[in-house]
file start-v4.cif (mmCIF, C-alpha atoms and all ligand atoms)
data_input
loop_
_atom_site.label_atom_id
_atom_site.label_comp_id
_atom_site.auth_asym_id
_atom_site.auth_seq_id
_atom_site.Cartn_x
_atom_site.Cartn_y
_atom_site.Cartn_z
CA MET V 1 40.43 -21.20 26.15
CA ILE V 2 36.85 -22.15 25.18
CA TYR V 3 35.68 -20.30 28.27
CA ASN V 4 37.37 -17.08 27.09
CA THR V 5 35.97 -17.43 23.57
CA PHE V 6 32.53 -17.88 25.09
CA LYS V 7 32.94 -14.72 27.20
CA LYS V 8 33.91 -12.73 24.11
CA LEU V 9 30.92 -14.11 22.19
CA GLU V 10 28.67 -13.24 25.10
CA ARG V 11 29.72 -9.58 24.90
CA LYS V 12 29.06 -9.58 21.13
CA ILE V 13 25.57 -10.99 21.68
CA TYR V 14 24.80 -8.27 24.22
CA SER V 15 25.92 -5.49 21.88
CA ILE V 16 23.86 -6.98 19.01
CA LEU V 17 20.80 -7.09 21.30
CA VAL V 18 21.25 -3.47 22.42
CA PHE V 19 21.82 -2.31 18.84
CA SER V 20 18.75 -4.19 17.56
CA PHE V 21 16.66 -2.69 20.33
CA LEU V 22 17.72 0.86 19.42
CA PHE V 23 17.34 0.20 15.70
CA LEU V 24 13.97 -1.50 15.90
CA SER V 25 12.54 1.08 18.27
CA GLY V 26 12.20 3.29 15.16
CA CYS V 27 9.29 1.02 14.18
CA ASP V 28 5.82 2.24 14.92
CA TYR V 29 2.45 0.47 15.05
CA ASP V 30 0.42 3.38 13.82
CA THR V 31 1.96 4.61 10.55
CA ASN V 32 -0.03 5.25 7.37
CA GLN V 33 0.97 1.93 5.87
CA SER V 34 0.97 -0.22 8.99
CA ALA V 35 -0.64 -3.64 8.65
CA LEU V 36 -0.48 -3.86 12.45
CA ASP V 37 -3.34 -1.39 12.80
CA PRO V 38 -6.26 -3.12 11.00
CA LYS V 39 -9.41 -1.07 10.34
CA GLY V 40 -11.86 -3.57 8.85
CA PRO V 41 -13.15 -7.14 9.30
CA LEU V 42 -10.92 -8.62 6.59
CA ALA V 43 -7.78 -6.88 7.86
CA LYS V 44 -8.65 -7.88 11.44
CA ASP V 45 -9.04 -11.53 10.42
CA GLN V 46 -5.66 -11.44 8.67
CA PHE V 47 -4.10 -9.70 11.65
CA LYS V 48 -5.37 -12.49 13.97
CA THR V 49 -3.67 -15.09 11.78
CA PHE V 50 -0.49 -13.02 11.89
CA GLU V 51 -0.69 -12.77 15.69
CA LEU V 52 -1.26 -16.52 16.03
CA SER V 53 1.79 -17.34 13.91
CA LEU V 54 3.81 -14.68 15.71
CA TRP V 55 3.02 -16.14 19.15
CA ILE V 56 3.64 -19.72 18.01
CA THR V 57 7.06 -18.73 16.67
CA VAL V 58 7.86 -16.68 19.81
CA ILE V 59 7.01 -19.68 22.01
CA LEU V 60 9.05 -22.03 19.81
CA PHE V 61 11.94 -19.56 19.85
CA ILE V 62 11.86 -19.38 23.65
CA LEU V 63 11.61 -23.18 24.02
CA VAL V 64 14.40 -24.01 21.55
CA GLY V 65 16.58 -21.04 22.54
CA GLY V 66 16.00 -21.80 26.24
CA ALA V 67 16.99 -25.47 25.82
CA LEU V 68 20.10 -24.38 23.92
CA LEU V 69 21.10 -21.81 26.56
CA TYR V 70 20.45 -24.32 29.35
CA ALA V 71 22.73 -26.89 27.70
CA LEU V 72 25.38 -24.26 26.95
CA PHE V 73 25.56 -22.99 30.52
CA LYS V 74 25.08 -26.27 32.38
CA TYR V 75 27.54 -28.32 30.35
CA ARG V 76 30.11 -25.69 29.40
CA GLU V 77 33.77 -26.42 30.04
CA ARG V 78 35.06 -25.12 33.34
CA PRO V 79 38.66 -24.68 34.54
CA GLY V 80 39.97 -28.08 35.57
CA ASP V 81 37.62 -30.06 33.27
CA GLU V 82 40.54 -31.02 30.99
CA ASN V 83 41.59 -33.73 33.43
CA LYS V 84 38.14 -35.38 33.66
CA PRO V 85 37.25 -38.36 31.45
CA MET V 86 35.20 -37.78 28.25
CA PRO V 87 31.43 -38.02 29.09
CA LYS V 88 29.40 -40.85 27.55
CA GLN V 89 28.59 -40.00 23.89
CA SER V 90 25.14 -40.76 22.42
CA HIS V 91 23.44 -40.39 19.05
CA GLY V 92 19.71 -40.12 18.23
CA ASN V 93 16.64 -40.74 20.37
CA PRO V 94 13.69 -42.26 18.45
CA LEU V 95 11.16 -41.32 21.14
CA ILE V 96 12.11 -37.60 21.27
CA GLU V 97 12.45 -37.40 17.48
CA GLY V 98 9.04 -39.05 16.94
CA LEU V 99 7.37 -36.70 19.45
CA LEU V 100 8.96 -33.65 17.79
CA VAL V 101 7.68 -34.70 14.35
CA ILE V 102 4.15 -35.05 15.79
CA ALA V 103 4.41 -31.72 17.67
CA PHE V 104 5.47 -29.83 14.52
CA ALA V 105 2.72 -31.47 12.45
CA VAL V 106 0.19 -30.26 15.05
CA VAL V 107 1.64 -26.72 14.92
CA LEU V 108 1.39 -26.69 11.12
CA VAL V 109 -2.26 -27.80 11.24
CA ILE V 110 -3.03 -25.11 13.86
CA LEU V 111 -1.54 -22.51 11.49
CA ALA V 112 -3.07 -23.93 8.30
CA ILE V 113 -6.71 -23.78 9.45
CA PRO V 114 -6.99 -19.98 9.96
CA THR V 115 -4.70 -19.35 6.97
CA LEU V 116 -6.91 -21.32 4.55
CA LYS V 117 -10.05 -19.78 6.07
CA GLY V 118 -8.48 -16.32 5.63
CA ILE V 119 -7.61 -16.96 1.97
CA LYS V 120 -11.20 -18.09 1.31
CA MET V 121 -12.55 -15.01 3.12
CA MET V 122 -10.40 -12.67 1.03
CA LYS V 123 -11.46 -14.26 -2.27
CA GLU V 124 -15.20 -14.52 -1.55
CA LEU V 125 -17.23 -11.71 -0.06
CA PRO V 126 -19.09 -13.07 3.02
CA GLU V 127 -22.86 -13.13 2.38
CA GLU V 128 -23.64 -10.69 5.23
CA TYR V 129 -21.86 -7.90 3.33
CA GLU V 130 -23.20 -8.74 -0.13
CA LYS V 131 -26.43 -6.69 0.06
CA ASP V 132 -24.82 -3.24 0.52
CA ALA V 133 -21.64 -3.84 -1.47
CA ILE V 134 -20.45 -1.53 -4.24
CA THR V 135 -18.18 -2.58 -7.12
CA VAL V 136 -14.97 -0.93 -8.26
CA ASN V 137 -12.87 -2.12 -11.20
CA VAL V 138 -9.20 -1.38 -10.72
CA LYS V 139 -6.65 -1.30 -13.54
CA GLY V 140 -2.92 -0.97 -12.89
CA TYR V 141 -0.77 1.14 -15.21
CA GLN V 142 2.91 2.07 -15.00
CA TRP V 143 2.66 3.87 -12.48
CA TRP V 144 -0.84 4.74 -11.40
CA PHE V 145 -4.22 3.17 -10.69
CA GLU V 146 -7.50 3.59 -12.54
CA PHE V 147 -10.75 3.20 -10.59
CA GLU V 148 -13.93 2.54 -12.54
CA TYR V 149 -17.36 2.50 -10.89
CA PRO V 150 -19.26 0.29 -13.38
CA ASP V 151 -22.65 0.69 -11.66
CA LEU V 152 -22.36 4.48 -11.59
CA GLY V 153 -20.76 4.96 -14.99
CA PHE V 154 -17.68 7.01 -14.16
CA THR V 155 -13.94 6.53 -13.86
CA THR V 156 -11.38 8.22 -11.68
CA ALA V 157 -7.72 7.72 -10.84
CA ASN V 158 -5.43 7.21 -7.87
CA GLU V 159 -8.05 7.95 -5.20
CA PHE V 160 -11.23 5.98 -4.72
CA VAL V 161 -14.04 6.83 -2.37
CA PHE V 162 -16.44 4.36 -0.76
CA PRO V 163 -18.98 4.33 2.07
CA VAL V 164 -17.88 3.40 5.60
CA GLY V 165 -19.14 0.02 6.84
CA LYS V 166 -19.99 -1.22 3.35
CA ALA V 167 -17.98 -3.69 1.37
CA VAL V 168 -16.23 -2.77 -1.87
CA LYS V 169 -15.93 -5.60 -4.37
CA ILE V 170 -12.72 -5.01 -6.29
CA ASN V 171 -11.95 -6.55 -9.69
CA LEU V 172 -8.29 -6.24 -10.55
CA VAL V 173 -6.53 -6.27 -13.93
CA SER V 174 -3.38 -4.72 -15.34
CA ASN V 175 -2.78 -2.70 -18.48
CA ASP V 176 0.90 -3.60 -18.78
CA VAL V 177 3.02 -5.50 -16.25
CA ILE V 178 2.14 -7.21 -12.98
CA HIS V 179 1.29 -4.81 -10.15
CA SER V 180 -0.03 -5.57 -6.69
CA PHE V 181 -2.90 -3.86 -4.90
CA TRP V 182 -2.29 -3.32 -1.21
CA ILE V 183 -4.09 -1.23 1.41
CA PRO V 184 -2.21 -2.34 4.55
CA LYS V 185 -4.88 -1.21 7.03
CA LEU V 186 -7.73 -2.82 5.09
CA SER V 187 -6.39 -6.00 3.50
CA GLY V 188 -3.46 -8.06 2.29
CA LYS V 189 -2.16 -7.86 -1.26
CA THR V 190 -3.67 -9.12 -4.50
CA ASP V 191 -1.85 -8.99 -7.84
CA LEU V 192 -3.07 -7.09 -10.90
CA ILE V 193 -2.17 -9.32 -13.84
CA PRO V 194 -2.48 -8.56 -17.57
CA GLY V 195 -5.12 -10.79 -19.15
CA GLN V 196 -6.41 -12.20 -15.87
CA GLU V 197 -9.02 -10.73 -13.56
CA ASN V 198 -8.46 -11.17 -9.84
CA PHE V 199 -10.93 -10.45 -7.09
CA MET V 200 -10.67 -9.09 -3.57
CA TRP V 201 -12.81 -6.92 -1.32
CA VAL V 202 -12.31 -4.38 1.46
CA LEU V 203 -14.48 -2.90 4.16
CA ALA V 204 -13.49 -0.03 6.45
CA ASP V 205 -15.31 0.17 9.74
CA GLU V 206 -14.29 3.75 10.37
CA ALA V 207 -14.06 6.82 8.12
CA GLY V 208 -10.60 7.80 7.00
CA GLU V 209 -8.03 8.08 4.27
CA PHE V 210 -6.19 4.80 3.90
CA TYR V 211 -2.85 4.65 2.12
CA GLY V 212 -2.43 2.13 -0.65
CA GLN V 213 0.73 1.07 -2.44
CA CYS V 214 1.71 -1.06 -5.41
CA ALA V 215 3.49 -3.97 -3.79
CA GLU V 216 5.04 -5.69 -6.80
CA TYR V 217 8.14 -4.29 -8.49
CA CYS V 218 6.89 -2.90 -11.79
CA GLY V 219 9.62 -0.63 -13.19
CA ASP V 220 11.36 2.71 -12.62
CA SER V 221 8.74 4.40 -10.51
CA HIS V 222 7.26 1.40 -8.71
CA ALA V 223 8.01 3.00 -5.34
CA TYR V 224 5.99 6.08 -6.36
CA MET V 225 2.91 4.07 -7.33
CA LEU V 226 0.58 4.87 -4.47
CA PHE V 227 -3.13 5.49 -4.10
CA ARG V 228 -5.69 6.44 -1.47
CA ALA V 229 -8.75 4.51 -0.35
CA ILE V 230 -11.07 7.06 1.21
CA ALA V 231 -13.92 5.83 3.42
CA LYS V 232 -16.66 8.45 3.88
CA PRO V 233 -19.97 8.37 5.78
CA GLN V 234 -22.86 7.35 3.47
CA GLU V 235 -24.16 10.89 2.93
CA GLU V 236 -20.72 12.31 2.07
CA TYR V 237 -20.15 9.37 -0.25
CA GLU V 238 -23.41 10.12 -2.05
CA ASN V 239 -22.44 13.79 -2.39
CA TRP V 240 -19.13 12.73 -3.86
CA VAL V 241 -20.89 10.45 -6.37
CA SER V 242 -23.34 13.12 -7.48
CA ASN V 243 -20.49 15.60 -7.93
CA MET V 244 -18.55 13.05 -10.00
CA LEU V 245 -21.57 12.67 -12.28
CA LYS V 246 -21.91 16.39 -12.96
CA ASP V 247 -20.50 17.66 -16.24
CA PRO V 248 -17.28 19.65 -15.89
CA THR V 249 -17.96 23.37 -16.05
CA LYS V 250 -16.23 25.48 -18.67
CA VAL V 251 -14.18 28.22 -16.99
CA ALA V 252 -16.14 30.99 -18.75
CA GLU V 253 -19.41 29.61 -17.36
CA ASN V 254 -18.07 28.86 -13.89
CA SER V 255 -19.96 31.13 -11.50
CA THR V 256 -18.00 29.94 -8.45
CA ILE V 257 -14.81 31.73 -9.54
CA HIS V 258 -14.93 35.34 -8.31
CA ASP V 259 -11.30 36.33 -8.77
CA SER V 260 -11.22 37.83 -12.28
CA HIS V 261 -7.42 37.53 -12.63
CA PHE V 262 -7.58 33.83 -11.74
CA LYS V 263 -10.51 33.35 -14.05
CA SER V 264 -8.70 34.74 -17.08
CA LEU V 265 -5.61 32.69 -16.21
CA ALA V 266 -7.66 29.51 -15.89
CA SER V 267 -9.44 30.30 -19.12
CA LYS V 268 -6.10 30.60 -20.89
CA GLY V 269 -5.06 27.30 -19.27
CA GLU V 270 -8.18 25.58 -20.59
CA GLU V 271 -7.34 26.80 -24.07
CA THR V 272 -3.68 25.71 -23.78
CA LEU V 273 -4.60 22.27 -22.48
CA ASN V 274 -6.93 21.72 -25.42
CA ARG V 275 -4.47 23.17 -27.91
CA VAL V 276 -1.39 21.13 -26.95
CA GLY V 277 -3.32 17.87 -26.88
CA CYS V 278 -3.41 16.80 -23.22
CA LEU V 279 -6.80 15.24 -23.91
CA GLN V 280 -5.32 12.76 -26.36
CA CYS V 281 -4.32 10.76 -23.28
CA HIS V 282 -6.27 12.26 -20.35
CA MET V 283 -10.04 12.50 -20.07
CA ILE V 284 -12.09 15.29 -18.52
CA GLY V 285 -15.80 14.52 -18.29
CA ASP V 286 -16.51 12.41 -21.35
CA VAL V 287 -13.95 14.06 -23.64
CA GLY V 288 -10.44 12.71 -24.04
CA GLY V 289 -8.28 9.59 -24.11
CA ILE V 290 -8.05 6.66 -21.74
CA ILE V 291 -4.36 5.87 -21.55
CA ALA V 292 -3.50 8.41 -18.82
CA PRO V 293 -5.22 9.18 -15.51
CA ASN V 294 -8.78 10.48 -15.86
CA LEU V 295 -8.80 14.12 -14.70
CA THR V 296 -12.53 14.55 -14.10
CA LYS V 297 -12.95 16.51 -10.82
CA PHE V 298 -9.18 16.46 -10.50
CA ALA V 299 -9.13 19.40 -8.07
CA SER V 300 -11.24 17.49 -5.56
CA ARG V 301 -8.38 15.00 -5.07
CA GLY V 302 -6.00 15.48 -2.18
CA THR V 303 -2.97 14.06 -3.97
CA LEU V 304 -1.35 13.94 -7.39
CA ALA V 305 1.23 11.83 -9.23
CA ALA V 306 -0.48 8.65 -7.92
CA GLY V 307 -0.66 9.54 -4.24
CA TRP V 308 2.91 10.76 -4.18
CA MET V 309 2.46 14.52 -3.59
CA ASP V 310 -0.13 16.79 -2.02
CA ASN V 311 -2.33 18.38 -4.65
CA ASN V 312 -1.31 22.05 -4.36
CA THR V 313 -0.23 24.77 -6.78
CA GLU V 314 3.51 24.37 -6.35
CA ASN V 315 3.48 20.57 -6.67
CA LEU V 316 1.09 20.59 -9.61
CA LYS V 317 3.32 23.02 -11.49
CA LYS V 318 6.37 20.87 -10.82
CA TRP V 319 4.47 17.72 -11.80
CA ILE V 320 3.33 19.09 -15.17
CA TRP V 321 6.61 20.72 -16.05
CA LYS V 322 9.34 18.59 -14.52
CA SER V 323 7.58 15.29 -13.99
CA ASP V 324 10.77 13.30 -14.62
CA GLN V 325 12.20 14.79 -11.43
CA VAL V 326 9.18 13.54 -9.52
CA LYS V 327 8.67 10.14 -11.15
CA PRO V 328 11.55 8.90 -13.31
CA GLY V 329 10.38 7.07 -16.44
CA ASN V 330 6.82 8.40 -16.48
CA LEU V 331 5.19 8.64 -19.90
CA MET V 332 3.89 12.20 -19.58
CA TYR V 333 7.36 13.71 -19.40
CA ARG V 334 8.29 13.15 -23.07
CA SER V 335 4.99 14.41 -24.43
CA VAL V 336 5.23 17.56 -22.34
CA GLU V 337 8.81 18.11 -23.50
CA GLN V 338 7.64 18.11 -27.14
CA MET V 339 5.01 20.75 -26.38
CA ASN V 340 7.64 23.45 -25.69
CA LEU V 341 5.53 24.94 -22.94
CA THR V 342 6.47 28.26 -21.38
CA GLU V 343 6.28 28.88 -17.64
CA GLU V 344 3.20 31.06 -18.29
CA ASP V 345 1.50 28.17 -20.11
CA VAL V 346 2.12 25.88 -17.14
CA ASP V 347 0.84 28.44 -14.62
CA ALA V 348 -2.31 28.81 -16.70
CA MET V 349 -2.83 25.05 -16.98
CA VAL V 350 -2.37 24.67 -13.23
CA ALA V 351 -5.05 27.32 -12.67
CA TYR V 352 -7.42 25.54 -15.06
CA LEU V 353 -6.91 22.14 -13.45
CA GLN V 354 -7.66 23.73 -10.07
CA THR V 355 -11.12 24.69 -11.32
CA LEU V 356 -12.05 21.03 -11.92
CA LYS V 357 -13.82 20.50 -8.60
CU1 LIG E 1 3.01 -1.08 -9.93
CU2 LIG E 1 4.84 -1.65 -8.54
#

call {"tool": "encode", "arguments": {"input": "start-v4.cif", "output": "structure tokens", "more": "lines below"}}
Ligand code: CUA
result
Amino acid sequence: MIYNTFKKLERKIYSILVFSFLFLSGCDYDTNQSALDPKGPLAKDQFKTFELSLWITVILFILVGGALLYALFKYRERPGDENKPMPKQSHGNPLIEGLLVIAFAVVLVILAIPTLKGIKMMKELPEEYEKDAITVNVKGYQWWFEFEYPDLGFTTANEFVFPVGKAVKINLVSNDVIHSFWIPKLSGKTDLIPGQENFMWVLADEAGEFYGQCAEYCGDSHAYMLFRAIAKPQEEYENWVSNMLKDPTKVAENSTIHDSHFKSLASKGEETLNRVGCLQCHMIGDVGGIIAPNLTKFASRGTLAAGWMDNNTENLKKWIWKSDQVKPGNLMYRSVEQMNLTEEDVDAMVAYLQTLK
């Protein structure tokens, strides 16, 4: 009887194993938000701690699971065992129990040392990186990120650029609820909390566009609260900075636009944007409000709607006009609804925004 039950169970275990294998094989090391593919010293340190704890738990799993399987197979009931006398029963073994307590204490200490070191490393920039570091102040909003460069005097949103191989000191606060700042390939998470400034830093040791994500549930569109951390070689970074510091060019004075149809459309868009009051919330250059994403050099960004969509004509039109379909609950939607924009207005505004390079 027990033997048959065991056989049935055995088949179940096999099917679970096969299913898990097929299911888990969808996982990949090298996705945009994979913490298993670290690209900087901090992320690599955290990954080492992860690997250590992973291997310790794998070894413990094999030891405990192996002992269990050994006992199950060696001492399982076999046909004919019913007639044998009951084996000697025992309870407790102070020696084994004492040794296990000591062994687990040792394992915990082995895990605690790199973990505590890692926490200290994340919260304090190591001295070797201090000299070249830049500072970025990050503020979380429902549902986007503001990036201020206090030493350079400008602010941008949802994408921040920094030089490869140099540390970025990041001060984190929130405008509303608790968010969490996470760039899986560069570092673990740190919360953005209203009324409290938190610190972390990142360093990328290769150029690239790293995906970031808010990692704390913060309302309707939490899942759409992304950002990009873009590491550029020093010279490209400096070009980016000097472009950010240039005043935005009025469409009429913009000599880089050669298509006259596009130019008149963009010009109309500039007028519409000023007329309907977009700049009560958004800022372009040093004109405008600060409660919505800063749009200075907006067209030089690769994404829009906080890293959620590629920044192209079709998406931008949808985002301005039907933003509730892209990000439920976003604050822009209601204001735009009250503006009674026509499709022509939106096309013109899209053209204008595309001139902000
Ligand atoms: Cu912000 Cu989740």

call {"tool": "closest_residue", "arguments": {"input": "start-v4.cif", "among": "V:Gly140, V:Gly329, V:Gly188, V:Gly212", "to": "ligand LIG 1 (chain E)", "atoms": "only C-alpha atoms and all ligand atoms"}}
result
V:Gly140

call {"tool": "closest_atom_pairs", "arguments": {"input": "start-v4.cif", "of": "chain V", "to": "ligand LIG 1 (chain E)", "cutoff": "7 Å", "atoms": "all atoms listed in the file", "output": "CSV"}}
result
residue,atom,partner,partner_atom,distance
V:Gly140,CA,E:LIG1,CU1,6.6
V:Tyr141,CA,E:LIG1,CU1,6.9
V:Gln142,CA,E:LIG1,CU1,6.0
V:Trp143,CA,E:LIG1,CU1,5.6
V:Ile178,CA,E:LIG1,CU1,6.9
V:His179,CA,E:LIG1,CU1,4.1
V:Ser180,CA,E:LIG1,CU1,6.3
V:Cys214,CA,E:LIG1,CU2,4.5
V:Ala215,CA,E:LIG1,CU2,5.5
V:Glu216,CA,E:LIG1,CU2,4.4
V:Tyr217,CA,E:LIG1,CU2,4.2
V:Cys218,CA,E:LIG1,CU2,4.0
V:Gly219,CA,E:LIG1,CU2,6.7
V:His222,CA,E:LIG1,CU2,3.9
V:Ala223,CA,E:LIG1,CU2,6.5
V:Met225,CA,E:LIG1,CU1,5.8

call {"tool": "residues_around", "arguments": {"input": "start-v4.cif", "residues": "Asn330 in chain V", "least_positions_apart": "5", "cutoff": "12 Å", "atoms": "only C-alpha atoms", "output": "NGL selection string"}}
result
:V and (141-144 or 219-222 or 224-225 or 292 or 305-306 or 319-320 or 322-325 or 335-336)

call {"tool": "closest_residue", "arguments": {"input": "start-v4.cif", "among": "V:Lys357, V:Arg334, V:Lys185, V:Lys169", "to": "Trp201 in chain V", "atoms": "all atoms listed in the file"}}
result
V:Lys169

call {"tool": "residues_near_point", "arguments": {"input": "start-v4.cif", "point": "(-10.2, -14.3, 3.4)", "cutoff": "10 Å", "atoms": "all atoms listed in the file", "output": "ChimeraX atom specification"}}
result
/V:41-43,45-46,114-126,187-188,200-201

call {"tool": "axis_aligned_box", "arguments": {"input": "start-v4.cif", "around": "range 184-191 of chain V", "padding_each_side": "3 Å", "output": "lines of an AutoDock Vina configuration file"}}
result
center_x = -4.8
center_y = -5.2
center_z = -0.4
size_x = 11.9
size_y = 13.9
size_z = 20.9

call {"tool": "atom_distance", "arguments": {"input": "start-v4.cif", "atom1": "CA of Asn137 in chain V", "atom2": "CA of Gly307 in chain V"}}
result
18.3 Å

call {"tool": "closest_atom_pairs", "arguments": {"input": "start-v4.cif", "of": "range 29-143 of chain V", "to": "range 2-11 of chain V", "cutoff": "8 Å", "atoms": "only C-alpha atoms", "output": "tab-separated table"}}
result
residue	atom	partner	partner_atom	distance
V:Arg76	CA	V:Tyr3	CA	7.8
V:Glu77	CA	V:Tyr3	CA	6.7
V:Arg78	CA	V:Tyr3	CA	7.0

call {"tool": "write_last_selection", "arguments": {"input": "start-v4.cif", "atoms": "C-alpha atoms", "output": "mmCIF file, in the frame of the given file"}}
result
data_model
loop_
_atom_site.group_PDB
_atom_site.id
_atom_site.type_symbol
_atom_site.label_atom_id
_atom_site.label_comp_id
_atom_site.auth_asym_id
_atom_site.auth_seq_id
_atom_site.Cartn_x
_atom_site.Cartn_y
_atom_site.Cartn_z
ATOM 1 C CA ARG V 76 30.110 -25.690 29.400
ATOM 2 C CA GLU V 77 33.770 -26.420 30.040
ATOM 3 C CA ARG V 78 35.060 -25.120 33.340
#

call {"tool": "atom_distance", "arguments": {"input": "start-v4.cif", "atom1": "CA of Phe47 in chain V", "atom2": "CA of Phe160 in chain V"}}
result
23.8 Å

call {"tool": "residues_near_point", "arguments": {"input": "start-v4.cif", "point": "(-7.2, 26.3, -17.2)", "cutoff": "9 Å", "atoms": "only C-alpha atoms", "output": "short mmCIF file (atom, residue, chain, number, x, y, z; two decimals) with C-alpha atoms, in the frame of the given file"}}
result
data_model
loop_
_atom_site.label_atom_id
_atom_site.label_comp_id
_atom_site.auth_asym_id
_atom_site.auth_seq_id
_atom_site.Cartn_x
_atom_site.Cartn_y
_atom_site.Cartn_z
CA VAL V 251 -14.18 28.22 -16.99
CA LYS V 263 -10.51 33.35 -14.05
CA SER V 264 -8.70 34.74 -17.08
CA LEU V 265 -5.61 32.69 -16.21
CA ALA V 266 -7.66 29.51 -15.89
CA SER V 267 -9.44 30.30 -19.12
CA LYS V 268 -6.10 30.60 -20.89
CA GLY V 269 -5.06 27.30 -19.27
CA GLU V 270 -8.18 25.58 -20.59
CA GLU V 271 -7.34 26.80 -24.07
CA THR V 272 -3.68 25.71 -23.78
CA LEU V 273 -4.60 22.27 -22.48
CA ASP V 347 0.84 28.44 -14.62
CA ALA V 348 -2.31 28.81 -16.70
CA MET V 349 -2.83 25.05 -16.98
CA VAL V 350 -2.37 24.67 -13.23
CA ALA V 351 -5.05 27.32 -12.67
CA TYR V 352 -7.42 25.54 -15.06
CA LEU V 353 -6.91 22.14 -13.45
CA GLN V 354 -7.66 23.73 -10.07
CA THR V 355 -11.12 24.69 -11.32
CA LEU V 356 -12.05 21.03 -11.92
#

call {"tool": "closest_residue", "arguments": {"input": "start-v4.cif", "among": "V:Phe104, V:Phe262, V:Phe73, V:Phe19", "to": "Leu60 in chain V", "atoms": "all atoms listed in the file"}}
result
V:Phe104

call {"tool": "atom_distance", "arguments": {"input": "start-v4.cif", "atom1": "CA of Ala204 in chain V", "atom2": "CA of Ala231 in chain V"}}
result
6.6 Å

call {"tool": "closest_residue", "arguments": {"input": "start-v4.cif", "among": "V:Tyr75, V:Phe162, V:Trp321, V:Phe61", "to": "Thr135 in chain V", "atoms": "only C-alpha atoms"}}
result
V:Phe162

call {"tool": "closest_residue", "arguments": {"input": "start-v4.cif", "among": "V:Leu279, V:Ile16, V:Met244, V:Val164", "to": "Phe298 in chain V", "atoms": "all atoms listed in the file"}}
result
V:Met244

call {"tool": "residues_around", "arguments": {"input": "start-v4.cif", "residues": "Asp310 in chain V", "least_positions_apart": "3", "cutoff": "12 Å", "atoms": "only C-alpha atoms", "output": "PDB file with C-alpha atoms, in the coordinates of the input"}}
result
ATOM      1  CA  PHE V 227      -3.130   5.490  -4.100  1.00  0.00           C
ATOM      2  CA  ARG V 228      -5.690   6.440  -1.470  1.00  0.00           C
ATOM      3  CA  ALA V 299      -9.130  19.400  -8.070  1.00  0.00           C
ATOM      4  CA  SER V 300     -11.240  17.490  -5.560  1.00  0.00           C
ATOM      5  CA  ARG V 301      -8.380  15.000  -5.070  1.00  0.00           C
ATOM      6  CA  GLY V 302      -6.000  15.480  -2.180  1.00  0.00           C
ATOM      7  CA  THR V 303      -2.970  14.060  -3.970  1.00  0.00           C
ATOM      8  CA  LEU V 304      -1.350  13.940  -7.390  1.00  0.00           C
ATOM      9  CA  ALA V 305       1.230  11.830  -9.230  1.00  0.00           C
ATOM     10  CA  ALA V 306      -0.480   8.650  -7.920  1.00  0.00           C
ATOM     11  CA  GLY V 307      -0.660   9.540  -4.240  1.00  0.00           C
ATOM     12  CA  THR V 313      -0.230  24.770  -6.780  1.00  0.00           C
ATOM     13  CA  GLU V 314       3.510  24.370  -6.350  1.00  0.00           C
ATOM     14  CA  ASN V 315       3.480  20.570  -6.670  1.00  0.00           C
ATOM     15  CA  LEU V 316       1.090  20.590  -9.610  1.00  0.00           C
ATOM     16  CA  LYS V 317       3.320  23.020 -11.490  1.00  0.00           C
ATOM     17  CA  LYS V 318       6.370  20.870 -10.820  1.00  0.00           C
ATOM     18  CA  TRP V 319       4.470  17.720 -11.800  1.00  0.00           C
TER      19      TRP V 319
END

call {"tool": "closest_residue", "arguments": {"input": "start-v4.cif", "among": "V:Val326, V:Ile290, V:Leu172, V:Leu54", "to": "Thr155 in chain V", "atoms": "all atoms listed in the file"}}
result
V:Ile290

call {"tool": "residues_around", "arguments": {"input": "start-v4.cif", "residues": "Ala167 in chain V", "least_positions_apart": "5", "cutoff": "8 Å", "atoms": "only C-alpha atoms", "output": "count of residues only"}}
result
9

call {"tool": "decode", "arguments": {"input": "start-v4.cif", "residues": "range 118-123 of chain V", "atoms": "N, CA, C and O atoms", "output": "PDB file, in the first residue's frame"}}
result
ATOM      1  N   GLY V 118      28.771  44.787   1.820  1.00  0.00           N
ATOM      2  CA  GLY V 118      28.078  45.260   0.618  1.00  0.00           C
ATOM      3  C   GLY V 118      27.156  46.421   0.919  1.00  0.00           C
ATOM      4  O   GLY V 118      27.075  47.375   0.155  1.00  0.00           O
ATOM      5  N   ILE V 119      26.452  46.353   2.071  1.00  0.00           N
ATOM      6  CA  ILE V 119      25.548  47.450   2.442  1.00  0.00           C
ATOM      7  C   ILE V 119      26.357  48.721   2.667  1.00  0.00           C
ATOM      8  O   ILE V 119      26.003  49.803   2.195  1.00  0.00           O
ATOM      9  N   LYS V 120      27.513  48.577   3.358  1.00  0.00           N
ATOM     10  CA  LYS V 120      28.371  49.741   3.613  1.00  0.00           C
ATOM     11  C   LYS V 120      28.875  50.316   2.284  1.00  0.00           C
ATOM     12  O   LYS V 120      28.867  51.526   2.075  1.00  0.00           O
ATOM     13  N   MET V 121      29.264  49.424   1.365  1.00  0.00           N
ATOM     14  CA  MET V 121      29.794  49.872   0.074  1.00  0.00           C
ATOM     15  C   MET V 121      28.737  50.667  -0.708  1.00  0.00           C
ATOM     16  O   MET V 121      29.032  51.671  -1.337  1.00  0.00           O
ATOM     17  N   MET V 122      27.490  50.201  -0.634  1.00  0.00           N
ATOM     18  CA  MET V 122      26.427  50.860  -1.386  1.00  0.00           C
ATOM     19  C   MET V 122      26.120  52.250  -0.818  1.00  0.00           C
ATOM     20  O   MET V 122      25.760  53.165  -1.546  1.00  0.00           O
ATOM     21  N   LYS V 123      26.255  52.384   0.503  1.00  0.00           N
ATOM     22  CA  LYS V 123      25.861  53.642   1.158  1.00  0.00           C
ATOM     23  C   LYS V 123      26.987  54.665   1.205  1.00  0.00           C
ATOM     24  O   LYS V 123      26.752  55.835   1.483  1.00  0.00           O
TER      25      LYS V 123
END
